[in-house]
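Below is one structure, written out as structure tokens; the observations come after it.
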Amino acid sequence: MKQTFISIGNTLIPYLVAITASFLAAGLFIGMMGFDVLKAYETILLSSFRSPGAFAQTLVKFVPLLLQALAFTIPLAAGKFNIGGEGQLIVGAIGAAGVGIVFANLPIYLLLPLVIIAGVVFGALWAAFPAWLLYRFGINEILTTVLLNFVSFSLIDYIATEIWRDPAAGHPTTVPIGAGGELPLLMERTNLHAGFIIAVLIAVLVYIYTNHTSAGYELIATGANARASRAYGINVRSLFLLSLILGGGVAGLSGAIEVAGVHHRLIEGLQSNFLLLGLIIGLIAKGNHFGVPFVAFFIAVLEIGASSMQRTMSIPGEMVFIVEALILLFILLSDLVRKK
Amino acid sequence: MTPSESTLLEMRGVRKTFGPVIALDNVTLNVKRGEIHGLLGGNGAGKTTLMNVLFGLYKADAGEIAVDGRVAQVRSPREAIGLGIGMVHQQFLQVNSFSAAENIVLGTPLRNRPTLDLTTPKQKIRALSEKFGLSLDPDATLESQPMGVRQRVEILKALYRDAKLLILDEPTTMLTPQQVDSLFNSLRAMVKSGLSVIFITHKLREVLTLCERITVLRNGKSVITLAREEATEDTFIKAMVGEEMNIGRSLLFAKSSYETEIAQVGSKELLKVDGLSVEAASQENQVISDWSFTLREGEILGVAGVAGNGQHELAESLMGIRPCKGKVVFDGAEMTTLVTRDLLARGIAYVPENRWDDGLLPKATVAQNLILGSHRRPPYSNGLMLNLGAILKRSQELIDEFKIKTESPQSLAANLSGGNVQRMMLARAFSQNPKLMIVHNPTQGLDIPSTEFVYNKLLERKRAGMGTLLISENLDELFLMCNRVAAIYRGRIVGVLERGQFDAYRVGRMMSGLE
Ligand SMILES: Nc1ncnc2c1ncn2[C@@H]1O[C@H](COP(=O)(O)OP(=O)(O)OP(=O)(O)O)[C@@H](O)[C@H]1O
Ligand SMILES: [Mg+2]
């Protein structure tokens with residue numbers, strides 16, 4: 001077991017170095033702007049753990065970050081880049097909200113599963129289009145997935161202002177979904193909802209799929225060398241298709257959970273910056289499905305810390321975004337250095 | 001000239017470790033001006049690593065490099081080029097859609113950068129290519145060029161940057177005999193004009209015809225440096241493998257004692273190919289039209305030919321990778337319509353010619369590489385879930401049996417040496433225990449003991465009544481192992497010779513379309 005110990009140390013050390021270096025760099029800026037650096041560090045790192053409410057808030061944030069990261073890393077395992085998680089989230093949310101509004105009177109044991117499934121299916125369909133273009137015509141998936149994000153912005157705008165508009169709201173928002181479509185809360189007096197359990201379950205399933213099944217092995221092999229995989233009997237084109245659709249399904253799920261667990265309606269802008277953070281998480285974890293949930297949790301902690309810092313110390317929350325980007329940069333750099 | 005004046009390069013006490021792996025330990029290398037210096041050593045001995053250190057790709061843990069008597073720091077390929085060192089890697093880094101000239105000047109300072117006017121560079125390229133007999137068309141894009149030309153582009157890249165020392169890492173593995181001859185002539189012209197060459201190969205014959213002095217590496221240590229006149233094949237084999245190999249009982253060196261065994265064949269037909277036609281894989285390749293042949297149990301059937309005459313198409317169509325017309329019956333069942341996955345499941349295994357592109361999963365572990373193609377079958381999987389314990393156990397067995405030099409089954413396959421990648425391909429194929437094995441240049445890049453090992457494994461299969469289709473450009477190999485050899489030319493089978501009729505001259509004529 002000594003060997004695994006060494007290799008875990010070897011993978012963790014660059015991360016610790018990268019995190020430390022990023023914080024030092026950010027501290028420099030914060031100090032130069034005339035703020036209390038140590039207090040800022042403390043706020044960023046510890047806000048999540050100050051109260052049960054704050055911790056619950058962190059876990060609520062963790063859910064879409066984790067799912068967006070997975071929407072990116074599942075196709076990435078096969079060597080394909082899904083940059084459309086945002087659009088898939090929005091369209092998944094539309095599907096979920098639509099079902100939740102149209103069948104508002106159904107009881108929870110019917111409506112909730114329908115809402116969640118609608119999100120998954122809509123997200124998967126939104127990804128199926130670029131996946132099919134890739135399968136059929138070999139059109140680069142990066143471009144098509146990104147472009148479809150913009151289409152989804154118009155789509156949600158149309159639905160929230162024309163179809164199911166809530167006239168009482170100032171911001172483009174639909175009427176609420178039926179009460180039966182809401183995800184139950186897990187902790188009293190907090191907003192931690194059952195979507196957390198779903199997200200963790202999905203992460204575990206994805207980990208098992210990619211690391212412990214023959215089908216997942218084919219995904220990894222394809223990502224490592226598609227030509228060789230084909231020579232050894234793997235249908236790589238179908239796998240490209242499948243992986244993108246799976247990624248879309250997971251992104252759609254994150255949309256459904258935002259609707260059913262957080263907003264209980266469709267709100268324009270509910271995608272927040274989850275896509276970007278998801279990409280950062282996936283890349284920091286280097287696509288490792290064991291690492292993704294941990295990185296996602298860490299980033300969620302930073303995000304909660306960032307808003308708290310902005311509130312209590314008036315330091316711009318973007319500071320934390322710089323930290324996150326720097327961590328990624330340092331991780332990539334450490335790979336280069338270690339190659340020599 | 002005093003000895004020190006004649007020395008161009010000195011590497012002293014070089015050490016390089018990768019984590020716990022000691023790739024180089026106190027290695028010394030001394031190359032004179034105007035010589036071709038051979039670098040010999042078993043797979044994983046450290047040849048490529050040593051050259052990567054010299055070329056600034058790896059940073060040595062200890063040791064020094066002196067060029068022209070001055071100690072130099074080589075921290076990057078750019079610095080190496082500045083010192084007059086050029087390297088031709090085993091795998092070329094080329095832009096296929098660029099012309100030869102564009103590839104050569106890429107990365108050098110250009111006077112007419114905005115207009116990309118290559119008139120002056122092209123003159124220099126033409127002059128170099130004429131001087132050293134490296135003929136090529138500077139304006140042709142590389143896409144459609146054969147291996148020999150692509151290699152010339154790499155050599156010209158170095159010469160264009162005024163290299164005084166040219167490193168060639170196993171340059172002959174992918175060349176036809178004619179291309180090898182032409183390469184040797186160019187190298188001789190280079191050293192005549194004062195350049196030095198470091199030449200890595202596993203073929204003793206090449207070393208003994210080409211190199212003035214030869215350094216042997218073994219397990220990361222430099223064992224000995226000899227002048228060609230001082231040594232024989234035996235000396236080098238001893239230096240490379242130590243006392244590991246019993247030459248007296250070797251298939252390679254004591255062929256005749258195995259003759260009766262190799263000549264034996266079963267009576268039952270294992271594979272019957274009828275009217276096989278396949279489209280060409282690329283422009284430089286040939287279309288296969290209307291091939292018919294049979295392969296019996298316990299038979300090793302050879303396919304001899306210059307690369308690009310249909311070998312690749314044959315292998316890939318039989319493996320279901322490439323569409324084909326015609327009828328193929330394997331083990332009594334029609335298999336023309338089956339996909340690769342089913343063919344593998346029915347007991348056909350494949351060792352592709354291009355191990356990097358068609359065989360290796362570089363970012364995956366050695367264990368993950370070994371199970372490729374068998375990943376849905378026991379013992380690795382129950383069809384759904386992988387059995388990680390069984391995979392690691394079996395991988396370790398294969399690593400031991402095929403002597404794959406790796407730290408553990410969970411090491412990254414990209415870190416294996418060239419020959420060890422080949423060992424891994426072979427281990428993968430043999431471990432399936434297939435009824436039929438299609439192997440394409442199976443011993444390329446292998447050292448002598450590994451080659452011997454592969455031949456013994458083929459013999460073992462033969463005893464068990466399994467069939468092998470051995471596609472090879474190495475006539476010695478074909479004549480040693482095969483019961484029959486089919487010579488091909490321009491996508492046609494020119495003739496099939498029985499064991500006993502083998503004649504290198506005759507096959508050579510058939511392969512070049514003279515018969
Ligand atoms: N980047 C790396 N990381 C870890 N180990 C490495 C790395 N590069 C080389 N090695 C190890 O160093 C040893 C020497 O490898 P090297 O490629 O120099 O061998 P070689 O003499 O060129 O062999 P071959 O004839 O098979 O090409 C091998 O055991 C190899 O696994
Ligand atoms: Mg090598």
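For the structure tokens, the naming scheme is as follows: chains receive sequential letters (A, B, ...) according to their order of presentation, residues are indexed from 1 within each chain, and ligands are indexed from 1 in presentation order.
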Considering only C-alpha atoms, return as a PDB file with C-alpha atoms, in the first residue's frame whatever protein or nucleic-acid residues lie within 10 Å of Phe297 (chain A), sequence-local ones (same chain, fewer than 5 positions apart) excluded.
```
ATOM      1  CA  THR A  58     -22.721  25.950   0.364  1.00  0.00           C
ATOM      2  CA  LEU A  59     -24.238  22.561  -0.391  1.00  0.00           C
ATOM      3  CA  LYS A  61     -24.370  25.930  -4.479  1.00  0.00           C
ATOM      4  CA  PHE A  62     -22.383  22.697  -4.726  1.00  0.00           C
ATOM      5  CA  VAL A  63     -25.223  20.916  -6.570  1.00  0.00           C
ATOM      6  CA  LEU A  65     -21.445  23.216  -9.807  1.00  0.00           C
ATOM      7  CA  LEU A  66     -20.985  19.471  -9.467  1.00  0.00           C
ATOM      8  CA  ILE A 281     -13.793  22.397 -11.764  1.00  0.00           C
ATOM      9  CA  VAL A 292     -14.605  16.217  -9.367  1.00  0.00           C
ATOM     10  CA  LEU A 302     -14.877  29.725  -2.182  1.00  0.00           C
ATOM     11  CA  GLU A 303     -17.989  31.053  -3.879  1.00  0.00           C
TER      12      GLU A 303
END
```
*asked:* If the limit is 7 Å from any atom of ligand 1, counting only C-alpha atoms and all ligand atoms, which residues qualify? Return them as a list in words.
replied: Lys339 of chain A; Phe18, Val21, Ile22, Ala23, Gly41, Gly42, Asn43, Gly44, Ala45, Gly46, Lys47, Thr48, Thr49, Leu50, Gly220, Lys405, Thr406, Asn415, Leu416, Ser417, Gly418, Gly419, Asn420, Gly445, Leu446 and Asp447 of chain B
Would you export the selected residues with C-alpha atoms as a PDB file, in the first residue's frame, please?
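Resulting contents of again_30.pdb:
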```pdb
ATOM      1  CA  LYS A 339       7.207  16.598 -17.553  1.00  0.00           C
TER       2      LYS A 339
ATOM      3  CA  PHE B  18      11.827   9.482 -13.091  1.00  0.00           C
ATOM      4  CA  VAL B  21      12.972   4.726 -11.878  1.00  0.00           C
ATOM      5  CA  ILE B  22      16.663   5.205 -12.627  1.00  0.00           C
ATOM      6  CA  ALA B  23      16.688   5.615 -16.402  1.00  0.00           C
ATOM      7  CA  GLY B  41      21.128  -1.280 -26.045  1.00  0.00           C
ATOM      8  CA  GLY B  42      18.144  -3.372 -25.060  1.00  0.00           C
ATOM      9  CA  ASN B  43      14.620  -2.015 -24.815  1.00  0.00           C
ATOM     10  CA  GLY B  44      14.442   0.463 -21.974  1.00  0.00           C
ATOM     11  CA  ALA B  45      18.224   0.677 -21.663  1.00  0.00           C
ATOM     12  CA  GLY B  46      17.994   4.473 -21.788  1.00  0.00           C
ATOM     13  CA  LYS B  47      19.013   5.367 -25.342  1.00  0.00           C
ATOM     14  CA  THR B  48      16.096   7.669 -26.080  1.00  0.00           C
ATOM     15  CA  THR B  49      16.294   9.218 -22.618  1.00  0.00           C
ATOM     16  CA  LEU B  50      19.994   9.972 -23.060  1.00  0.00           C
ATOM     17  CA  GLY B 220      20.849   2.821 -17.843  1.00  0.00           C
ATOM     18  CA  LYS B 405       9.783  -2.565 -18.303  1.00  0.00           C
ATOM     19  CA  THR B 406       7.388  -0.576 -16.168  1.00  0.00           C
ATOM     20  CA  ASN B 415       6.226   6.623 -20.301  1.00  0.00           C
ATOM     21  CA  LEU B 416       7.186   3.240 -21.755  1.00  0.00           C
ATOM     22  CA  SER B 417      10.183   3.054 -24.059  1.00  0.00           C
ATOM     23  CA  GLY B 418       9.498   2.321 -27.730  1.00  0.00           C
ATOM     24  CA  GLY B 419      10.344  -1.358 -27.513  1.00  0.00           C
ATOM     25  CA  ASN B 420       8.316  -1.773 -24.376  1.00  0.00           C
ATOM     26  CA  GLY B 445      11.823  -1.871 -32.356  1.00  0.00           C
ATOM     27  CA  LEU B 446      12.479  -4.975 -30.268  1.00  0.00           C
ATOM     28  CA  ASP B 447      15.914  -5.884 -28.982  1.00  0.00           C
TER      29      ASP B 447
END
```
*With a cut-off of 6 Å and counting only C-alpha atoms, select all residues of chain B in contact with chain A and give the selection as an MDAnalysis selection string.*
chainID B and resid 58:59 321 340:341 358:359 361 363 373 375:376 384:386
Write a file of the just-selected residues containing N, CA and C atoms, as a compact mmCIF listing (two decimals), in the first residue's frame.
```txt
# COMPACT_ATOMS: atom_id res chain seq x y z
N TYR B 58 14.82 16.69 -21.60
CA TYR B 58 14.82 16.31 -20.19
C TYR B 58 15.96 17.03 -19.51
N LYS B 59 15.75 17.31 -18.23
CA LYS B 59 16.82 17.92 -17.44
C LYS B 59 17.48 16.79 -16.66
N ILE B 321 -11.90 -3.73 -39.55
CA ILE B 321 -11.73 -2.29 -39.33
C ILE B 321 -12.01 -1.54 -40.63
N THR B 340 -15.45 -5.73 -35.78
CA THR B 340 -14.21 -6.03 -35.06
C THR B 340 -14.46 -6.71 -33.70
N ARG B 341 -15.43 -6.17 -33.00
CA ARG B 341 -15.70 -6.69 -31.65
C ARG B 341 -16.03 -8.19 -31.69
N ASP B 358 -2.36 3.06 -33.85
CA ASP B 358 -3.41 2.05 -33.89
C ASP B 358 -3.43 1.14 -32.67
N GLY B 359 -2.47 1.31 -31.76
CA GLY B 359 -2.42 0.37 -30.66
C GLY B 359 -2.36 0.97 -29.28
N LEU B 361 -2.77 3.41 -26.00
CA LEU B 361 -3.57 4.42 -25.31
C LEU B 361 -2.61 5.16 -24.39
N LYS B 363 -2.46 7.96 -22.63
CA LYS B 363 -2.83 8.58 -21.36
C LYS B 363 -3.41 7.56 -20.38
N GLY B 373 -9.71 -4.48 -26.07
CA GLY B 373 -10.19 -5.53 -26.97
C GLY B 373 -10.75 -6.72 -26.22
N HIS B 375 -11.87 -6.23 -23.04
CA HIS B 375 -12.39 -5.55 -21.85
C HIS B 375 -13.84 -5.90 -21.54
N ARG B 376 -14.48 -6.68 -22.41
CA ARG B 376 -15.84 -7.10 -22.09
C ARG B 376 -15.92 -8.58 -21.71
N LEU B 384 -20.43 -6.60 -17.80
CA LEU B 384 -20.91 -5.29 -17.36
C LEU B 384 -19.86 -4.58 -16.53
N MET B 385 -19.48 -5.24 -15.42
CA MET B 385 -18.54 -4.60 -14.50
C MET B 385 -17.13 -5.12 -14.73
N LEU B 386 -16.17 -4.22 -14.63
CA LEU B 386 -14.77 -4.63 -14.69
C LEU B 386 -14.39 -5.29 -13.36
```
_List as a PyMOL selection string the protein and nucleic acid residues near Gly508 (chain B), meaning an atom at most 9 Å away when only C-alpha atoms are counted, but skip any in the same chain fewer than 4 places from it._
chain B and resi 304-305+475+487+503-504+512-514
*In region 193-437 of chain B, DSSP alpha helix (DSSP H) residues written as a PyMOL selection string*: chain B and resi 204-210+233-241+259-263+311-318+340-345+355-358+366-370+388-401+418-431
*All residues 12 Å or closer to Leu204 (chain B), only C-alpha atoms, same chain fewer than 5 positions away omitted, as a list of chain:residue names*: B:Gly38, B:Leu39, B:Leu40, B:Gly41, B:Gly42, B:Phe199, B:Thr209, B:Leu210, B:Cys211, B:Ile214, B:Val216, B:Arg228, B:Ala231, B:Thr232, B:Glu233, B:Asp234, B:Thr235, B:Phe236, B:Ile237, B:Met240, B:Asp447, B:Ile448
*Point out the residue among B:Thr141, B:Thr451, B:Ser411, B:Thr443 with the least atom-to-atom distance to Pro20 (chain B), counting only C-alpha atoms.*
B:Ser411
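Counting only C-alpha atoms, the residue from B:Asn433, B:Gln123, B:Ser186, B:Ser144 that sits nearest to Ile348 (chain B) is B:Asn433.
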Write out as a PDB file with N, CA and C atoms, in the first residue's frame the residues lying within 10 Å of Met190 (chain B), counting only C-alpha atoms and excluding same-chain residues fewer than 5 positions away.
```pdb
ATOM      1  N   GLY B  34      33.002  14.109 -37.352  1.00  0.00           N
ATOM      2  CA  GLY B  34      33.026  13.339 -38.583  1.00  0.00           C
ATOM      3  C   GLY B  34      32.883  11.846 -38.411  1.00  0.00           C
ATOM      4  N   GLU B  35      32.180  11.406 -37.367  1.00  0.00           N
ATOM      5  CA  GLU B  35      31.960   9.962 -37.253  1.00  0.00           C
ATOM      6  C   GLU B  35      30.477   9.662 -37.115  1.00  0.00           C
ATOM      7  N   ILE B  36      30.134   8.438 -37.514  1.00  0.00           N
ATOM      8  CA  ILE B  36      28.797   7.937 -37.216  1.00  0.00           C
ATOM      9  C   ILE B  36      28.939   7.061 -35.987  1.00  0.00           C
ATOM     10  N   LYS B 131      23.353  18.134 -51.924  1.00  0.00           N
ATOM     11  CA  LYS B 131      24.668  17.816 -51.376  1.00  0.00           C
ATOM     12  C   LYS B 131      24.669  16.452 -50.693  1.00  0.00           C
ATOM     13  N   PHE B 132      23.594  16.166 -49.986  1.00  0.00           N
ATOM     14  CA  PHE B 132      23.583  14.926 -49.194  1.00  0.00           C
ATOM     15  C   PHE B 132      22.678  13.846 -49.777  1.00  0.00           C
ATOM     16  N   GLY B 133      22.180  14.074 -50.979  1.00  0.00           N
ATOM     17  CA  GLY B 133      21.343  13.047 -51.600  1.00  0.00           C
ATOM     18  C   GLY B 133      20.031  12.820 -50.886  1.00  0.00           C
ATOM     19  N   LEU B 159      19.540  20.013 -40.577  1.00  0.00           N
ATOM     20  CA  LEU B 159      20.646  20.554 -41.374  1.00  0.00           C
ATOM     21  C   LEU B 159      20.411  22.031 -41.689  1.00  0.00           C
ATOM     22  N   LYS B 164      25.629  20.380 -36.372  1.00  0.00           N
ATOM     23  CA  LYS B 164      26.918  19.714 -36.547  1.00  0.00           C
ATOM     24  C   LYS B 164      26.817  18.270 -36.097  1.00  0.00           C
ATOM     25  N   LEU B 165      25.779  18.030 -35.289  1.00  0.00           N
ATOM     26  CA  LEU B 165      25.595  16.694 -34.724  1.00  0.00           C
ATOM     27  C   LEU B 165      24.139  16.312 -34.924  1.00  0.00           C
ATOM     28  N   LEU B 166      23.934  15.209 -35.593  1.00  0.00           N
ATOM     29  CA  LEU B 166      22.572  14.783 -35.912  1.00  0.00           C
ATOM     30  C   LEU B 166      22.262  13.512 -35.131  1.00  0.00           C
ATOM     31  N   PHE B 184      21.560   5.598 -45.625  1.00  0.00           N
ATOM     32  CA  PHE B 184      22.960   5.354 -45.261  1.00  0.00           C
ATOM     33  C   PHE B 184      23.906   6.164 -46.148  1.00  0.00           C
ATOM     34  N   ASN B 185      23.594   6.230 -47.426  1.00  0.00           N
ATOM     35  CA  ASN B 185      24.438   7.016 -48.320  1.00  0.00           C
ATOM     36  C   ASN B 185      24.448   8.484 -47.909  1.00  0.00           C
ATOM     37  N   LEU B 195      30.222  16.540 -40.503  1.00  0.00           N
ATOM     38  CA  LEU B 195      29.182  16.398 -39.486  1.00  0.00           C
ATOM     39  C   LEU B 195      29.391  15.119 -38.685  1.00  0.00           C
ATOM     40  N   SER B 196      28.752  15.045 -37.522  1.00  0.00           N
ATOM     41  CA  SER B 196      28.755  13.807 -36.748  1.00  0.00           C
ATOM     42  C   SER B 196      27.319  13.315 -36.611  1.00  0.00           C
ATOM     43  N   VAL B 197      27.178  12.001 -36.477  1.00  0.00           N
ATOM     44  CA  VAL B 197      25.856  11.414 -36.391  1.00  0.00           C
ATOM     45  C   VAL B 197      25.816  10.429 -35.226  1.00  0.00           C
TER      46      VAL B 197
END
```
Neighbour list for Arg499 (chain B) as a PDB file with all heavy atoms, in the first residue's frame, cut-off 8 Å, only C-alpha atoms, skip fewer than 4 positions in-chain:
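Result file follows (out_39.pdb):
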```pdb
ATOM      1  N   ALA B 263       8.632 -26.612 -39.740  1.00  0.00           N
ATOM      2  CA  ALA B 263       8.078 -27.065 -41.014  1.00  0.00           C
ATOM      3  C   ALA B 263       6.722 -27.737 -40.862  1.00  0.00           C
ATOM      4  O   ALA B 263       5.993 -27.911 -41.836  1.00  0.00           O
ATOM      5  CB  ALA B 263       9.063 -27.996 -41.704  1.00  0.00           C
ATOM      6  N   PHE B 479      11.482 -15.952 -43.470  1.00  0.00           N
ATOM      7  CA  PHE B 479      12.090 -17.230 -43.844  1.00  0.00           C
ATOM      8  C   PHE B 479      12.340 -18.094 -42.620  1.00  0.00           C
ATOM      9  O   PHE B 479      12.274 -19.316 -42.677  1.00  0.00           O
ATOM     10  CB  PHE B 479      13.414 -16.994 -44.587  1.00  0.00           C
ATOM     11  CG  PHE B 479      13.221 -16.373 -45.953  1.00  0.00           C
ATOM     12  CD1 PHE B 479      14.311 -15.981 -46.708  1.00  0.00           C
ATOM     13  CD2 PHE B 479      11.955 -16.203 -46.471  1.00  0.00           C
ATOM     14  CE1 PHE B 479      14.142 -15.426 -47.964  1.00  0.00           C
ATOM     15  CE2 PHE B 479      11.767 -15.639 -47.730  1.00  0.00           C
ATOM     16  CZ  PHE B 479      12.862 -15.240 -48.468  1.00  0.00           C
ATOM     17  N   CYS B 482       8.121 -18.899 -41.244  1.00  0.00           N
ATOM     18  CA  CYS B 482       6.913 -19.218 -42.015  1.00  0.00           C
ATOM     19  C   CYS B 482       6.946 -20.579 -42.694  1.00  0.00           C
ATOM     20  O   CYS B 482       8.001 -21.100 -43.036  1.00  0.00           O
ATOM     21  CB  CYS B 482       6.685 -18.155 -43.083  1.00  0.00           C
ATOM     22  SG  CYS B 482       6.310 -16.569 -42.392  1.00  0.00           S
ATOM     23  N   ASN B 483       5.751 -21.136 -42.898  1.00  0.00           N
ATOM     24  CA  ASN B 483       5.609 -22.332 -43.710  1.00  0.00           C
ATOM     25  C   ASN B 483       5.484 -21.978 -45.184  1.00  0.00           C
ATOM     26  O   ASN B 483       5.973 -22.689 -46.048  1.00  0.00           O
ATOM     27  CB  ASN B 483       4.376 -23.126 -43.285  1.00  0.00           C
ATOM     28  CG  ASN B 483       4.499 -23.568 -41.852  1.00  0.00           C
ATOM     29  OD1 ASN B 483       3.913 -22.956 -40.959  1.00  0.00           O
ATOM     30  ND2 ASN B 483       5.293 -24.592 -41.620  1.00  0.00           N
ATOM     31  N   ARG B 484       4.780 -20.889 -45.428  1.00  0.00           N
ATOM     32  CA  ARG B 484       4.678 -20.390 -46.789  1.00  0.00           C
ATOM     33  C   ARG B 484       4.792 -18.876 -46.740  1.00  0.00           C
ATOM     34  O   ARG B 484       4.418 -18.257 -45.732  1.00  0.00           O
ATOM     35  CB  ARG B 484       3.320 -20.760 -47.406  1.00  0.00           C
ATOM     36  CG  ARG B 484       3.171 -22.247 -47.722  1.00  0.00           C
ATOM     37  CD  ARG B 484       1.822 -22.525 -48.337  1.00  0.00           C
ATOM     38  NE  ARG B 484       0.747 -22.131 -47.435  1.00  0.00           N
ATOM     39  CZ  ARG B 484      -0.445 -21.737 -47.840  1.00  0.00           C
ATOM     40  NH1 ARG B 484      -0.732 -21.653 -49.129  1.00  0.00           N
ATOM     41  NH2 ARG B 484      -1.377 -21.397 -46.968  1.00  0.00           N
ATOM     42  N   VAL B 485       5.287 -18.298 -47.818  1.00  0.00           N
ATOM     43  CA  VAL B 485       5.375 -16.846 -47.885  1.00  0.00           C
ATOM     44  C   VAL B 485       4.721 -16.372 -49.180  1.00  0.00           C
ATOM     45  O   VAL B 485       5.048 -16.865 -50.262  1.00  0.00           O
ATOM     46  CB  VAL B 485       6.838 -16.361 -47.849  1.00  0.00           C
ATOM     47  CG1 VAL B 485       6.913 -14.874 -48.164  1.00  0.00           C
ATOM     48  CG2 VAL B 485       7.458 -16.630 -46.489  1.00  0.00           C
TER      49      VAL B 485
END
```
*asked:* I'd like the neighbourhood of Arg296 (chain B) as a ChimeraX atom specification, where a residue qualifies if any of its atoms comes within 6 Å (using only C-alpha atoms), though same-chain residues fewer than 3 positions away should be ignored.
replied: /B:268-270,299
*Check the smallest atom-to-atom distance from each of B:Ala280, B:Leu217, B:Val27, B:Ala390 to ligand 2 using only C-alpha atoms and all ligand atoms, then report the winner.*
B:Leu217
_Separation of CA of Leu70 (chain A) from CA of Val250 (chain A) in Å_ = 7.1 Å
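Comparing B:Thr260, B:Asn52, B:Asn382, B:Ser99 by their smallest distance to ligand 2, the closest is B:Asn52 (using only C-alpha atoms and all ligand atoms).
Here CA of Gly282 (chain A) and CA of Phe72 (chain A) stand 6.7 Å from one another.
When only C-alpha atoms are used to compute distances to Ile493 (chain B), the closest of the residues B:Val287, B:Leu458, B:Leu24, B:Ile247 turns out to be B:Val287.
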*Mind pulling up the distance from CA of Val204 (chain A) to CA of Leu76 (chain A)?*
17.3 Å
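In terms of minimum interatomic distance to Thr73 (chain A), A:Tyr207 ranks closest within A:Trp132, A:Tyr207, A:Phe298, A:Phe23, counting only C-alpha atoms.
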*strand (DSSP E or B) residues, from DSSP on the backbone, in region 104-318 of chain A, as number ranges by chain*: A: 165, 173-174, 185, 193, 213, 267
